[in-house]
Amino acid sequence: QSGKLAYNIDGTASTNSATPPGGTPIEFKSTTSWDGPTLVITTTADFNGGFKQVERWTLSDGGKVLTVNGDIAISGQTATAKMVYTKKS
C-alpha cells in the first residue's frame, strides 16, 4: 500500500487520510511551524484512543543530509524514531 501526504508549510492546517487494510478511512490533521531552520509537523487524529505525532525535519551538511526526529503517541503508548537520509552525489 502506498500513499501521499501533503503539508502546508505556512502554518495553516492540512488534512490527509489513510485507510488501513479492512478498515475505515482515518483523517489526520496537521499543522506546521518553524523552529529556526527546523520544520516541525504536528499531526493528530481521533482513533484508537488518540493519536499525536510530532516530527522535526532538519537539513544539514549543506543540504545533503535530512534528519527526521519523530515522537508518536497512540492510545497512551509512546515511541521515538530518528531517520537520516543522505543525498548521494
# chains A, B, ... in the order shown; residues from 1 in each chain; ligands from 1

call {"tool": "residues_around", "arguments": {"residues": "Asp71 (chain A)", "least_positions_apart": "5", "cutoff": "6 Å", "atoms": "only C-alpha atoms", "output": "list in words"}}
result
Gln53, Val54, Ala79 and Thr80 of chain A

call {"tool": "residues_around", "arguments": {"residues": "Leu59 (chain A)", "least_positions_apart": "5", "cutoff": "12 Å", "atoms": "only C-alpha atoms", "output": "count of residues only"}}
result
14

call {"tool": "atom_distance", "arguments": {"atom1": "CA of Arg56 (chain A)", "atom2": "CA of Leu5 (chain A)"}}
result
15.7 Å

call {"tool": "residues_around", "arguments": {"residues": "Lys29 (chain A)", "least_positions_apart": "2", "cutoff": "8 Å", "atoms": "only C-alpha atoms", "output": "PyMOL selection string"}}
result
chain A and resi 13-16+27+31+43-45

call {"tool": "atom_distance", "arguments": {"atom1": "CA of Gly3 (chain A)", "atom2": "CA of Ala18 (chain A)"}}
result
7.5 Å

call {"tool": "residues_around", "arguments": {"residues": "Gly76 (chain A)", "least_positions_apart": "6", "cutoff": "12 Å", "atoms": "only C-alpha atoms", "output": "PyMOL selection string"}}
result
chain A and resi 47-52

call {"tool": "write_last_selection", "arguments": {"atoms": "all heavy atoms", "output": "compact mmCIF listing (two decimals), in the first residue's frame"}}
result
# COMPACT_ATOMS: atom_id res chain seq x y z
N PHE A 47 -8.52 8.24 16.70
CA PHE A 47 -8.75 6.81 16.55
C PHE A 47 -7.93 6.07 17.60
O PHE A 47 -6.92 6.57 18.09
CB PHE A 47 -8.41 6.32 15.13
CG PHE A 47 -6.94 6.20 14.83
CD1 PHE A 47 -6.27 5.01 14.98
CD2 PHE A 47 -6.22 7.29 14.38
CE1 PHE A 47 -4.92 4.90 14.70
CE2 PHE A 47 -4.88 7.20 14.08
CZ PHE A 47 -4.23 5.99 14.24
N ASN A 48 -8.40 4.90 17.98
CA ASN A 48 -7.71 4.05 18.96
C ASN A 48 -7.29 4.81 20.22
O ASN A 48 -6.20 4.64 20.72
CB ASN A 48 -6.48 3.39 18.34
CG ASN A 48 -6.84 2.28 17.39
OD1 ASN A 48 -7.95 1.78 17.40
ND2 ASN A 48 -5.91 1.90 16.55
N GLY A 49 -8.15 5.66 20.73
CA GLY A 49 -7.83 6.38 21.96
C GLY A 49 -6.96 7.59 21.77
O GLY A 49 -6.47 8.16 22.73
N GLY A 50 -6.73 7.99 20.53
CA GLY A 50 -5.97 9.21 20.27
C GLY A 50 -4.64 8.95 19.61
O GLY A 50 -3.98 7.94 19.84
N PHE A 51 -4.26 9.87 18.75
CA PHE A 51 -3.00 9.78 18.01
C PHE A 51 -2.40 11.17 17.93
O PHE A 51 -3.09 12.13 17.60
CB PHE A 51 -3.29 9.27 16.58
CG PHE A 51 -2.11 9.34 15.65
CD1 PHE A 51 -1.25 8.27 15.52
CD2 PHE A 51 -1.87 10.49 14.90
CE1 PHE A 51 -0.16 8.34 14.65
CE2 PHE A 51 -0.79 10.57 14.03
CZ PHE A 51 0.07 9.49 13.91
N LYS A 52 -1.11 11.27 18.25
CA LYS A 52 -0.39 12.53 18.08
C LYS A 52 1.04 12.21 17.67
O LYS A 52 1.69 11.36 18.27
CB LYS A 52 -0.37 13.37 19.36
CG LYS A 52 0.35 14.70 19.16
CD LYS A 52 0.29 15.58 20.39
CE LYS A 52 0.98 16.91 20.14
NZ LYS A 52 0.95 17.74 21.34

call {"tool": "atom_distance", "arguments": {"atom1": "CA of Gly23 (chain A)", "atom2": "CA of Val40 (chain A)"}}
result
29.0 Å

call {"tool": "decode", "arguments": {"residues": "region 14-26 of chain A", "atoms": "all heavy atoms", "output": "short mmCIF file (atom, residue, chain, number, x, y, z; two decimals), in the first residue's frame"}}
result
data_model
loop_
_atom_site.label_atom_id
_atom_site.label_comp_id
_atom_site.auth_asym_id
_atom_site.auth_seq_id
_atom_site.Cartn_x
_atom_site.Cartn_y
_atom_site.Cartn_z
N SER A 14 -3.58 21.30 7.45
CA SER A 14 -3.76 20.45 6.28
C SER A 14 -4.38 19.13 6.75
O SER A 14 -4.24 18.74 7.91
CB SER A 14 -2.45 20.20 5.56
OG SER A 14 -1.49 19.65 6.43
N THR A 15 -5.09 18.47 5.84
CA THR A 15 -5.75 17.22 6.17
C THR A 15 -5.32 16.14 5.19
O THR A 15 -5.28 16.36 3.98
CB THR A 15 -7.29 17.38 6.11
OG1 THR A 15 -7.68 18.42 7.03
CG2 THR A 15 -7.99 16.10 6.49
N ASN A 16 -4.95 14.99 5.72
CA ASN A 16 -4.61 13.82 4.93
C ASN A 16 -5.45 12.67 5.45
O ASN A 16 -5.91 12.70 6.59
CB ASN A 16 -3.12 13.48 5.05
CG ASN A 16 -2.24 14.51 4.38
OD1 ASN A 16 -2.18 14.57 3.16
ND2 ASN A 16 -1.57 15.34 5.16
N SER A 17 -5.63 11.64 4.64
CA SER A 17 -6.37 10.48 5.12
C SER A 17 -5.68 9.20 4.68
O SER A 17 -4.91 9.19 3.71
CB SER A 17 -7.82 10.50 4.63
OG SER A 17 -7.87 10.38 3.23
N ALA A 18 -5.94 8.15 5.42
CA ALA A 18 -5.40 6.83 5.11
C ALA A 18 -6.45 5.79 5.51
O ALA A 18 -7.21 6.00 6.45
CB ALA A 18 -4.11 6.59 5.88
N THR A 19 -6.47 4.70 4.78
CA THR A 19 -7.40 3.62 5.09
C THR A 19 -6.60 2.37 5.40
O THR A 19 -5.92 1.83 4.52
CB THR A 19 -8.35 3.36 3.91
OG1 THR A 19 -9.03 4.57 3.59
CG2 THR A 19 -9.37 2.28 4.26
N PRO A 20 -6.64 1.92 6.65
CA PRO A 20 -5.91 0.69 6.98
C PRO A 20 -6.59 -0.51 6.31
O PRO A 20 -7.78 -0.46 6.00
CB PRO A 20 -6.00 0.61 8.50
CG PRO A 20 -7.15 1.46 8.88
CD PRO A 20 -7.31 2.49 7.80
N PRO A 21 -5.84 -1.58 6.06
CA PRO A 21 -6.43 -2.76 5.43
C PRO A 21 -7.68 -3.23 6.18
O PRO A 21 -7.64 -3.43 7.39
CB PRO A 21 -5.32 -3.81 5.51
CG PRO A 21 -4.06 -3.00 5.61
CD PRO A 21 -4.44 -1.77 6.38
N GLY A 22 -8.79 -3.33 5.46
CA GLY A 22 -10.03 -3.78 6.06
C GLY A 22 -10.69 -2.79 7.00
O GLY A 22 -11.66 -3.12 7.68
N GLY A 23 -10.18 -1.56 7.04
CA GLY A 23 -10.71 -0.57 7.97
C GLY A 23 -11.43 0.56 7.30
O GLY A 23 -11.64 0.57 6.09
N THR A 24 -11.79 1.52 8.11
CA THR A 24 -12.43 2.72 7.59
C THR A 24 -11.40 3.84 7.51
O THR A 24 -10.40 3.83 8.23
CB THR A 24 -13.59 3.17 8.52
OG1 THR A 24 -13.07 3.38 9.83
CG2 THR A 24 -14.68 2.11 8.57
N PRO A 25 -11.61 4.81 6.64
CA PRO A 25 -10.63 5.90 6.49
C PRO A 25 -10.41 6.66 7.79
O PRO A 25 -11.33 6.86 8.58
CB PRO A 25 -11.28 6.81 5.44
CG PRO A 25 -12.22 5.94 4.70
CD PRO A 25 -12.73 4.95 5.71
N ILE A 26 -9.17 7.06 8.00
CA ILE A 26 -8.77 7.85 9.17
C ILE A 26 -8.30 9.21 8.67
O ILE A 26 -7.50 9.29 7.74
CB ILE A 26 -7.64 7.17 9.94
CG1 ILE A 26 -8.08 5.78 10.42
CG2 ILE A 26 -7.19 8.03 11.11
CD1 ILE A 26 -6.94 4.92 10.91
#
